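Below you'll find the structure, written out as structure tokens, and then a few comments.
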2 protein chains.
Amino acid sequence: MARVVVDVMPKQEILDPQGQAVASALPRLGFEGISEVRQGKRFELEVAADVDDETLSRIAETMLANPVIEDWTVRREEA
Amino acid sequence: MARVVVDVMPKQEILDPQGQAVASALPRLGFEGISEVRQGKRFELEVAADVDDETLSRIAETMLANPVIEDWTVRREEA
């Protein structure tokens with residue numbers, strides 16, 4: 001078993017209303033100095049040892065991210 | 001400016017219906033060997049140099065995570 005992390009973030013040129021909402025709320029709550037917030041998704045997968053990187057890449061691209069509006073990274077975490 | 005990443009995940013004892021939906025869809029789509037999927041959130045913050053770790057921790061705890069059901073980590077990324 002391996003732990004795999006897939007991070008999915010809105011592409012830089014895509015508006016991110018969730019992140020903008022957080023960014024604009026922070027000063028109202030007394031937190032200064034945060035100029036930008038972007039919100040994405042993080043997936044943690046428990047993966048059998050024989051699942052290869054290409055399969056993981058296809059899972060990320062087809063199931064976890066929307067390639068039109070999101071970038072993603074796949075990495076294996078040390079146990 | 002520094003890049004700060006806050007990862008927010010459902011606590012291990014909390015049901016995660018989004019992750020379970022992904023996990024149960026994978027075999028139907030021909031992807032075998034994924035035994036568990038958990039879905040959380042990833043925030044990327046652009047932070048002024050004078051924002052200290054304690055402030056970042058309070059932002060994560062009060063704005064980004066729900067401490068009742070979620071765990072979170074805060075880390076500064078290398079530029």
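Identifiers in the structure tokens: chain A, B, ... in order shown; residue index from 1 per chain; ligand index from 1 in order shown.
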**OP:** Find the residues in chain B near chain A: any atom within 7 Å counts, using only C-alpha atoms. Write them as number ranges by chain.
**Re:** B: 33-48, 51
Apply DSSP to the structure's backbone, then extract all residues of chain A labelled helix (DSSP H, G or I) and return them as a PDB file with N, CA and C atoms, in the first residue's frame.
```pdb
ATOM      1  N   PRO A  17     -13.800  32.129  -7.238  1.00  0.00           N
ATOM      2  CA  PRO A  17     -14.657  32.893  -6.320  1.00  0.00           C
ATOM      3  C   PRO A  17     -14.548  32.449  -4.869  1.00  0.00           C
ATOM      4  N   GLN A  18     -14.322  31.163  -4.632  1.00  0.00           N
ATOM      5  CA  GLN A  18     -14.181  30.712  -3.240  1.00  0.00           C
ATOM      6  C   GLN A  18     -12.947  31.340  -2.610  1.00  0.00           C
ATOM      7  N   GLY A  19     -11.840  31.289  -3.339  1.00  0.00           N
ATOM      8  CA  GLY A  19     -10.619  31.882  -2.810  1.00  0.00           C
ATOM      9  C   GLY A  19     -10.758  33.380  -2.617  1.00  0.00           C
ATOM     10  N   GLN A  20     -11.395  34.040  -3.577  1.00  0.00           N
ATOM     11  CA  GLN A  20     -11.582  35.491  -3.458  1.00  0.00           C
ATOM     12  C   GLN A  20     -12.448  35.837  -2.256  1.00  0.00           C
ATOM     13  N   ALA A  21     -13.443  35.015  -1.977  1.00  0.00           N
ATOM     14  CA  ALA A  21     -14.302  35.278  -0.823  1.00  0.00           C
ATOM     15  C   ALA A  21     -13.502  35.204   0.469  1.00  0.00           C
ATOM     16  N   VAL A  22     -12.629  34.209   0.565  1.00  0.00           N
ATOM     17  CA  VAL A  22     -11.779  34.111   1.758  1.00  0.00           C
ATOM     18  C   VAL A  22     -10.853  35.312   1.838  1.00  0.00           C
ATOM     19  N   ALA A  23     -10.220  35.656   0.692  1.00  0.00           N
ATOM     20  CA  ALA A  23      -9.255  36.762   0.700  1.00  0.00           C
ATOM     21  C   ALA A  23      -9.902  38.071   1.120  1.00  0.00           C
ATOM     22  N   SER A  24     -11.141  38.301   0.685  1.00  0.00           N
ATOM     23  CA  SER A  24     -11.765  39.577   1.036  1.00  0.00           C
ATOM     24  C   SER A  24     -12.337  39.554   2.452  1.00  0.00           C
ATOM     25  N   ALA A  25     -12.580  38.381   3.008  1.00  0.00           N
ATOM     26  CA  ALA A  25     -13.076  38.311   4.388  1.00  0.00           C
ATOM     27  C   ALA A  25     -11.958  38.515   5.411  1.00  0.00           C
ATOM     28  N   LEU A  26     -10.725  38.148   5.056  1.00  0.00           N
ATOM     29  CA  LEU A  26      -9.634  38.181   6.040  1.00  0.00           C
ATOM     30  C   LEU A  26      -9.416  39.569   6.656  1.00  0.00           C
ATOM     31  N   PRO A  27      -9.297  40.645   5.849  1.00  0.00           N
ATOM     32  CA  PRO A  27      -9.079  41.967   6.484  1.00  0.00           C
ATOM     33  C   PRO A  27     -10.235  42.380   7.387  1.00  0.00           C
ATOM     34  N   ARG A  28     -11.442  42.035   7.008  1.00  0.00           N
ATOM     35  CA  ARG A  28     -12.597  42.365   7.854  1.00  0.00           C
ATOM     36  C   ARG A  28     -12.495  41.696   9.214  1.00  0.00           C
ATOM     37  N   ASP A  53       2.427   4.733 -12.183  1.00  0.00           N
ATOM     38  CA  ASP A  53       2.253   6.187 -12.239  1.00  0.00           C
ATOM     39  C   ASP A  53       1.327   6.610 -13.373  1.00  0.00           C
ATOM     40  N   GLU A  54       1.371   5.871 -14.471  1.00  0.00           N
ATOM     41  CA  GLU A  54       0.518   6.241 -15.600  1.00  0.00           C
ATOM     42  C   GLU A  54      -0.959   6.083 -15.239  1.00  0.00           C
ATOM     43  N   THR A  55      -1.275   5.006 -14.529  1.00  0.00           N
ATOM     44  CA  THR A  55      -2.659   4.810 -14.086  1.00  0.00           C
ATOM     45  C   THR A  55      -3.083   5.936 -13.142  1.00  0.00           C
ATOM     46  N   LEU A  56      -2.210   6.291 -12.218  1.00  0.00           N
ATOM     47  CA  LEU A  56      -2.533   7.365 -11.277  1.00  0.00           C
ATOM     48  C   LEU A  56      -2.760   8.675 -12.021  1.00  0.00           C
ATOM     49  N   SER A  57      -1.940   8.901 -13.033  1.00  0.00           N
ATOM     50  CA  SER A  57      -2.093  10.126 -13.813  1.00  0.00           C
ATOM     51  C   SER A  57      -3.450  10.142 -14.531  1.00  0.00           C
ATOM     52  N   ARG A  58      -3.862   8.968 -15.069  1.00  0.00           N
ATOM     53  CA  ARG A  58      -5.157   8.930 -15.750  1.00  0.00           C
ATOM     54  C   ARG A  58      -6.309   9.116 -14.768  1.00  0.00           C
ATOM     55  N   ILE A  59      -6.184   8.548 -13.576  1.00  0.00           N
ATOM     56  CA  ILE A  59      -7.229   8.742 -12.556  1.00  0.00           C
ATOM     57  C   ILE A  59      -7.355  10.223 -12.221  1.00  0.00           C
ATOM     58  N   ALA A  60      -6.221  10.881 -12.020  1.00  0.00           N
ATOM     59  CA  ALA A  60      -6.258  12.302 -11.671  1.00  0.00           C
ATOM     60  C   ALA A  60      -6.908  13.112 -12.787  1.00  0.00           C
ATOM     61  N   GLU A  61      -6.529  12.807 -14.007  1.00  0.00           N
ATOM     62  CA  GLU A  61      -7.002  13.616 -15.131  1.00  0.00           C
ATOM     63  C   GLU A  61      -8.483  13.380 -15.424  1.00  0.00           C
ATOM     64  N   THR A  62      -8.948  12.148 -15.261  1.00  0.00           N
ATOM     65  CA  THR A  62     -10.320  11.843 -15.674  1.00  0.00           C
ATOM     66  C   THR A  62     -11.313  11.931 -14.527  1.00  0.00           C
ATOM     67  N   MET A  63     -10.857  11.646 -13.297  1.00  0.00           N
ATOM     68  CA  MET A  63     -11.808  11.538 -12.190  1.00  0.00           C
ATOM     69  C   MET A  63     -11.707  12.691 -11.203  1.00  0.00           C
ATOM     70  N   LEU A  64     -10.513  13.202 -10.987  1.00  0.00           N
ATOM     71  CA  LEU A  64     -10.304  14.114  -9.859  1.00  0.00           C
ATOM     72  C   LEU A  64     -10.213  15.568 -10.296  1.00  0.00           C
TER      73      LEU A  64
END
```
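CA of Ala65 (chain A) is found 23.1 Å from CA of Gln12 (chain B).
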**OP:** Could you check how far CA of Lys11 (chain A) sits from CA of Thr73 (chain A), in Å to one decimal?
**Re:** 12.2 Å
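Reported to one decimal place, the separation of CA of Pro67 (chain A) from CA of Ile14 (chain B) is 29.2 Å.
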